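**Q** If you scroll down you'll find the structure; I have some questions about it.
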Amino acid sequence: MSTPPGTPEASPFSGRASPAWPATLPALGKLPLPELAAMKQRGDKIVMVTAYDAPGARFAEDAGIDMVLVGDTAAMVVLGYEGTTVPVTVDEMLFLTRTVARQLHRPIVVGDMPFGSYQVSDEDAVRNAIRFVKEGGAEVVKLEGAGPMISRVRRIVEAGIPVMGHVGLTPQSATMLGGFKTQGKTAEAARRLVADAHALEDAGCMSIVLEAIPAPVAARITRELTIPTIGIGAGPDCDGQVLVYHDLLGLTEGHLPRFVKRYANLSREIRDALEAYASEVRAGTFPGEEHTYAMSEVELEQFARARK
(Lines give C-alpha, C1' and ligand atoms only; values in the text may rest on other atoms or scores of the structure.)
Protein backbone atom coordinates (compact mmCIF):
# COMPACT_ATOMS: atom_id res chain seq x y z
CA MET A 1 0.00 0.00 0.00
CA SER A 2 1.07 3.60 -0.62
CA THR A 3 2.36 5.76 2.17
CA PRO A 4 0.36 8.98 2.61
CA PRO A 5 2.03 12.09 1.16
CA GLY A 6 4.21 13.99 3.58
CA THR A 7 5.24 10.98 5.67
CA PRO A 8 8.97 10.58 6.34
CA GLU A 9 8.97 6.94 5.27
CA ALA A 10 11.51 6.27 2.54
CA SER A 11 10.54 5.37 -1.01
CA PRO A 12 11.15 1.69 -1.80
CA PHE A 13 12.34 2.76 -5.24
CA SER A 14 15.23 5.00 -4.29
CA GLY A 15 15.84 4.87 -0.58
CA ARG A 16 15.30 8.62 -0.47
CA ALA A 17 12.58 10.44 1.45
CA SER A 18 9.27 10.64 -0.37
CA PRO A 19 8.59 14.10 -1.87
CA ALA A 20 5.52 16.13 -0.95
CA TRP A 21 3.21 15.21 -3.82
CA PRO A 22 -0.28 16.71 -4.00
CA ALA A 23 -2.61 15.14 -1.45
CA THR A 24 -4.95 13.92 -4.18
CA LEU A 25 -2.28 11.75 -5.83
CA PRO A 26 -0.74 8.46 -4.71
CA ALA A 27 2.72 8.89 -3.23
CA LEU A 28 4.19 5.89 -4.99
CA GLY A 29 3.88 4.17 -8.35
CA LYS A 30 3.76 5.42 -11.92
CA LEU A 31 1.41 8.35 -12.47
CA PRO A 32 -1.36 7.04 -14.77
CA LEU A 33 -1.94 9.07 -17.92
CA PRO A 34 -5.71 9.46 -17.22
CA GLU A 35 -4.76 11.16 -13.95
CA LEU A 36 -3.55 14.19 -15.93
CA ALA A 37 -7.08 14.81 -17.25
CA ALA A 38 -8.42 14.27 -13.74
CA MET A 39 -5.94 16.84 -12.42
CA LYS A 40 -7.24 19.33 -14.98
CA GLN A 41 -10.80 18.71 -13.83
CA ARG A 42 -9.83 19.19 -10.18
CA GLY A 43 -7.76 22.27 -10.88
CA ASP A 44 -4.54 20.60 -9.69
CA LYS A 45 -1.62 22.10 -11.57
CA ILE A 46 0.60 19.71 -13.56
CA VAL A 47 4.35 20.17 -13.17
CA MET A 48 6.68 19.26 -16.02
CA VAL A 49 10.42 19.86 -16.36
CA THR A 50 13.04 18.75 -18.83
CA ALA A 51 15.83 16.32 -17.98
CA TYR A 52 18.63 14.87 -20.08
CA ASP A 53 20.68 12.70 -17.74
CA ALA A 54 20.44 10.42 -14.71
CA PRO A 55 21.13 13.06 -12.01
CA GLY A 56 18.55 15.45 -13.47
CA ALA A 57 15.98 12.65 -13.63
CA ARG A 58 16.62 11.67 -10.00
CA PHE A 59 16.28 15.28 -8.84
CA ALA A 60 12.96 15.54 -10.71
CA GLU A 61 11.75 12.32 -9.10
CA ASP A 62 12.71 13.52 -5.63
CA ALA A 63 10.97 16.87 -6.20
CA GLY A 64 7.64 15.17 -7.01
CA ILE A 65 7.58 16.36 -10.65
CA ASP A 66 4.62 14.90 -12.58
CA MET A 67 6.08 14.71 -16.09
CA VAL A 68 9.66 14.76 -17.37
CA LEU A 69 10.25 15.89 -20.94
CA VAL A 70 13.45 14.70 -22.56
CA GLY A 71 13.44 17.71 -24.83
CA ASP A 72 15.20 18.39 -28.09
CA THR A 73 16.49 21.48 -26.27
CA ALA A 74 19.29 19.03 -25.45
CA ALA A 75 20.78 20.25 -28.72
CA MET A 76 21.46 23.64 -27.10
CA VAL A 77 21.85 22.95 -23.37
CA VAL A 78 23.71 19.62 -23.55
CA LEU A 79 25.20 19.11 -27.02
CA GLY A 80 26.49 22.65 -27.58
CA TYR A 81 24.55 23.78 -30.65
CA GLU A 82 23.94 27.52 -30.74
CA GLY A 83 20.36 28.77 -30.91
CA THR A 84 18.75 25.78 -32.61
CA THR A 85 17.28 22.39 -31.76
CA VAL A 86 17.36 21.17 -35.36
CA PRO A 87 20.72 19.27 -35.41
CA VAL A 88 19.92 16.74 -32.67
CA THR A 89 19.30 13.27 -34.10
CA VAL A 90 16.88 10.48 -33.29
CA ASP A 91 19.70 8.28 -32.01
CA GLU A 92 20.95 11.05 -29.71
CA MET A 93 17.45 11.66 -28.38
CA LEU A 94 16.91 7.93 -27.83
CA PHE A 95 20.13 7.71 -25.82
CA LEU A 96 19.07 10.63 -23.61
CA THR A 97 15.50 9.38 -23.23
CA ARG A 98 16.69 5.91 -22.25
CA THR A 99 19.06 7.41 -19.68
CA VAL A 100 16.29 9.46 -18.07
CA ALA A 101 13.65 6.71 -18.21
CA ARG A 102 15.87 4.29 -16.30
CA GLN A 103 15.84 6.63 -13.30
CA LEU A 104 12.15 7.53 -13.11
CA HIS A 105 9.50 5.60 -11.22
CA ARG A 106 6.56 7.98 -10.79
CA PRO A 107 6.86 10.78 -13.40
CA ILE A 108 5.58 10.23 -16.92
CA VAL A 109 8.45 10.18 -19.45
CA VAL A 110 7.87 12.26 -22.58
CA GLY A 111 10.23 11.75 -25.51
CA ASP A 112 10.62 14.77 -27.79
CA MET A 113 10.71 13.70 -31.43
CA PRO A 114 13.44 15.75 -33.16
CA PHE A 115 13.28 17.60 -36.45
CA GLY A 116 13.16 15.19 -39.39
CA SER A 117 11.79 12.26 -37.42
CA TYR A 118 8.12 12.83 -38.27
CA GLN A 119 7.85 15.57 -40.91
CA VAL A 120 8.37 13.37 -43.99
CA SER A 121 5.45 10.97 -43.71
CA ASP A 122 2.95 9.33 -41.38
CA GLU A 123 4.89 6.08 -41.74
CA ASP A 124 8.16 7.71 -40.64
CA ALA A 125 6.39 9.32 -37.72
CA VAL A 126 4.93 6.03 -36.49
CA ARG A 127 8.20 4.15 -37.01
CA ASN A 128 10.20 6.68 -35.00
CA ALA A 129 7.54 7.00 -32.30
CA ILE A 130 7.72 3.24 -31.81
CA ARG A 131 11.51 3.54 -31.39
CA PHE A 132 11.01 6.14 -28.65
CA VAL A 133 8.77 3.72 -26.77
CA LYS A 134 10.68 0.48 -27.38
CA GLU A 135 14.27 1.76 -27.33
CA GLY A 136 13.95 4.97 -25.36
CA GLY A 137 11.49 3.92 -22.67
CA ALA A 138 9.20 6.90 -23.34
CA GLU A 139 5.56 6.64 -22.36
CA VAL A 140 4.49 9.63 -24.46
CA VAL A 141 6.01 11.22 -27.55
CA LYS A 142 5.84 14.93 -28.33
CA LEU A 143 5.80 16.56 -31.73
CA GLU A 144 5.39 20.15 -32.88
CA GLY A 145 2.82 21.90 -35.02
CA ALA A 146 -0.59 21.26 -36.52
CA GLY A 147 -1.66 21.28 -40.19
CA PRO A 148 0.15 18.31 -41.80
CA MET A 149 1.11 17.09 -38.33
CA ILE A 150 -2.52 16.28 -37.52
CA SER A 151 -2.35 13.10 -39.57
CA ARG A 152 0.96 12.21 -37.90
CA VAL A 153 -0.67 12.50 -34.49
CA ARG A 154 -3.65 10.44 -35.56
CA ARG A 155 -1.52 7.63 -36.95
CA ILE A 156 0.79 7.50 -33.93
CA VAL A 157 -2.21 7.37 -31.58
CA GLU A 158 -3.75 4.63 -33.72
CA ALA A 159 -0.51 2.68 -33.19
CA GLY A 160 -1.19 2.84 -29.45
CA ILE A 161 1.27 5.56 -28.48
CA PRO A 162 0.13 8.64 -26.51
CA VAL A 163 1.04 11.96 -28.12
CA MET A 164 1.66 15.40 -26.66
CA GLY A 165 1.08 18.23 -29.12
CA HIS A 166 2.87 21.58 -29.25
CA VAL A 167 1.60 24.86 -30.75
CA GLY A 168 2.62 28.50 -30.62
CA LEU A 169 6.35 28.99 -30.86
CA THR A 170 7.59 25.72 -32.31
CA PRO A 171 11.41 25.83 -32.12
CA GLN A 172 11.96 23.25 -34.87
CA SER A 173 10.33 25.65 -37.35
CA ALA A 174 11.53 28.89 -35.72
CA THR A 175 13.16 30.06 -38.97
CA MET A 176 9.82 29.96 -40.79
CA LEU A 177 8.25 31.83 -37.86
CA GLY A 178 10.82 34.61 -38.09
CA GLY A 179 12.87 33.47 -35.10
CA PHE A 180 12.09 32.79 -31.47
CA LYS A 181 9.16 35.20 -31.26
CA THR A 182 5.81 35.29 -29.52
CA GLN A 183 3.03 33.77 -31.63
CA GLY A 184 -0.69 34.52 -31.80
CA LYS A 185 -0.42 38.27 -31.17
CA THR A 186 -3.04 39.23 -33.75
CA ALA A 187 -6.69 38.22 -33.59
CA GLU A 188 -6.37 36.09 -36.73
CA ALA A 189 -3.21 34.36 -35.54
CA ALA A 190 -4.82 33.71 -32.16
CA ARG A 191 -7.87 32.17 -33.83
CA ARG A 192 -5.56 29.86 -35.82
CA LEU A 193 -3.88 28.73 -32.62
CA VAL A 194 -7.24 27.91 -31.04
CA ALA A 195 -8.27 25.97 -34.14
CA ASP A 196 -4.93 24.11 -34.21
CA ALA A 197 -5.30 23.14 -30.56
CA HIS A 198 -8.79 21.77 -31.19
CA ALA A 199 -7.55 19.85 -34.22
CA LEU A 200 -4.77 18.25 -32.18
CA GLU A 201 -7.23 17.24 -29.48
CA ASP A 202 -9.56 15.77 -32.10
CA ALA A 203 -6.62 13.82 -33.56
CA GLY A 204 -6.04 12.17 -30.19
CA CYS A 205 -3.43 14.22 -28.33
CA MET A 206 -3.42 13.57 -24.59
CA SER A 207 -2.10 17.07 -23.84
CA ILE A 208 -0.71 20.12 -25.62
CA VAL A 209 2.23 22.40 -24.92
CA LEU A 210 1.44 26.09 -25.49
CA GLU A 211 4.66 28.05 -26.00
CA ALA A 212 5.18 31.81 -26.13
CA ILE A 213 1.61 32.89 -26.80
CA PRO A 214 -0.42 35.67 -25.14
CA ALA A 215 -1.89 34.66 -21.81
CA PRO A 216 -5.53 35.36 -22.84
CA VAL A 217 -5.15 33.09 -25.88
CA ALA A 218 -3.72 30.30 -23.73
CA ALA A 219 -6.50 30.77 -21.20
CA ARG A 220 -9.16 30.38 -23.89
CA ILE A 221 -7.51 27.25 -25.32
CA THR A 222 -7.27 25.80 -21.82
CA ARG A 223 -10.96 26.48 -21.14
CA GLU A 224 -12.12 25.00 -24.42
CA LEU A 225 -10.05 21.81 -24.46
CA THR A 226 -10.81 18.74 -22.37
CA ILE A 227 -7.15 17.68 -22.42
CA PRO A 228 -4.51 19.43 -20.27
CA THR A 229 -2.47 22.33 -21.56
CA ILE A 230 1.13 22.77 -20.45
CA GLY A 231 2.37 26.33 -20.69
CA ILE A 232 5.82 27.74 -21.31
CA GLY A 233 5.53 31.46 -21.71
CA ALA A 234 1.75 31.14 -21.98
CA GLY A 235 0.56 32.64 -18.70
CA PRO A 236 -0.78 31.22 -15.44
CA ASP A 237 -4.09 29.79 -16.66
CA CYS A 238 -2.66 26.70 -18.36
CA ASP A 239 -3.28 23.40 -16.63
CA GLY A 240 0.44 22.99 -16.00
CA GLN A 241 3.82 24.53 -16.62
CA VAL A 242 7.14 23.38 -18.03
CA LEU A 243 10.59 24.94 -17.90
CA VAL A 244 13.96 23.82 -19.19
CA TYR A 245 16.05 22.30 -16.38
CA HIS A 246 19.15 24.35 -17.21
CA ASP A 247 17.19 27.60 -17.40
CA LEU A 248 15.41 27.34 -14.07
CA LEU A 249 18.57 26.23 -12.25
CA GLY A 250 20.69 29.04 -13.65
CA LEU A 251 22.93 26.74 -15.68
CA THR A 252 22.08 28.61 -18.89
CA GLU A 253 24.05 31.82 -19.29
CA GLY A 254 23.41 34.84 -21.47
CA HIS A 255 20.03 36.07 -22.65
CA LEU A 256 17.01 34.09 -21.47
CA PRO A 257 13.40 34.30 -22.70
CA ARG A 258 11.02 36.51 -20.73
CA PHE A 259 9.11 33.47 -19.47
CA VAL A 260 12.09 31.93 -17.67
CA LYS A 261 12.35 32.26 -13.90
CA ARG A 262 15.66 31.31 -12.33
CA TYR A 263 15.24 29.43 -9.07
CA ALA A 264 18.99 29.05 -8.53
CA ASN A 265 22.30 30.28 -9.92
CA LEU A 266 24.19 27.02 -10.21
CA SER A 267 26.48 28.21 -13.01
CA ARG A 268 28.20 30.57 -10.58
CA GLU A 269 28.43 27.92 -7.86
CA ILE A 270 29.85 25.37 -10.30
CA ARG A 271 32.41 27.82 -11.66
CA ASP A 272 33.46 28.83 -8.15
CA ALA A 273 33.87 25.17 -7.17
CA LEU A 274 35.96 24.35 -10.26
CA GLU A 275 38.16 27.40 -9.74
CA ALA A 276 38.71 26.45 -6.10
CA TYR A 277 39.60 22.89 -7.10
CA ALA A 278 42.07 24.05 -9.75
CA SER A 279 43.64 26.49 -7.31
CA GLU A 280 44.12 23.84 -4.61
CA VAL A 281 45.59 21.30 -7.02
CA ARG A 282 48.10 23.84 -8.32
CA ALA A 283 48.97 24.94 -4.77
CA GLY A 284 49.44 21.35 -3.62
CA THR A 285 46.81 21.67 -0.89
CA PHE A 286 44.53 19.06 -2.45
CA PRO A 287 44.38 16.22 -1.69
CA GLY A 288 44.82 16.70 2.05
CA GLU A 289 45.48 13.97 4.58
CA GLU A 290 41.72 13.47 5.06
CA HIS A 291 41.41 12.54 1.36
CA THR A 292 44.19 9.93 1.27
CA TYR A 293 44.52 6.29 2.31
CA ALA A 294 47.14 5.00 4.73
CA MET A 295 48.91 1.67 5.37
CA SER A 296 49.69 0.05 8.67
CA GLU A 297 53.23 0.57 9.90
CA VAL A 298 53.98 -3.15 9.56
CA GLU A 299 52.80 -3.28 5.94
CA LEU A 300 54.58 -0.04 5.13
CA GLU A 301 57.85 -1.39 6.50
CA GLN A 302 57.51 -4.58 4.47
CA PHE A 303 56.69 -2.56 1.36
CA ALA A 304 59.74 -0.36 1.91
CA ARG A 305 62.02 -3.41 2.27
CA ALA A 306 60.59 -4.98 -0.88
CA ARG A 307 61.82 -2.02 -2.94
CA LYS A 308 65.48 -2.62 -1.99
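Note on naming: chains are A, B, ... as they come in the C-alpha coordinates, residues start from 1 per chain, ligands start from 1 in the order shown.
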Tell me, which residues of stretch 86-260 of chain A carry DSSP strand (DSSP E), written as number ranges by chain?
**A** A: 108-112, 140-142, 163-168, 207-211, 229-232, 240-243
**Q** So that I can check the surroundings of A:Ala38, please list as a PyMOL selection string every protein, DNA and RNA residue that reaches within 12 Å of it, counting only C-alpha atoms and ignoring chain neighbours fewer than 5 positions away.
**A** chain A and resi 24-25+31-33+43-46+206+226-228+239
**Q** Choose the residue, out of A:Glu123, A:His246, A:Ile230, A:Phe303, that has the smallest atom-to-atom separation from A:Ala37; count only C-alpha atoms.
**A**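 The answer is A:Ile230, which sits nearest to A:Ala37.
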**Q** For stretch 150-161 of chain A, please output as a count of residues only all residues within 6 Å (counting only C-alpha atoms; exclusion window: fewer than 2 positions along the same chain).
**A** 6
**Q** Among stretch 5-246 of chain A, which residues carry a DSSP assignment of alpha helix (DSSP H), reported as a PyMOL selection string?
**A** chain A and resi 33-42+54-62+74-77+90-101+122-134+149-158+187-203+215-224+245-246
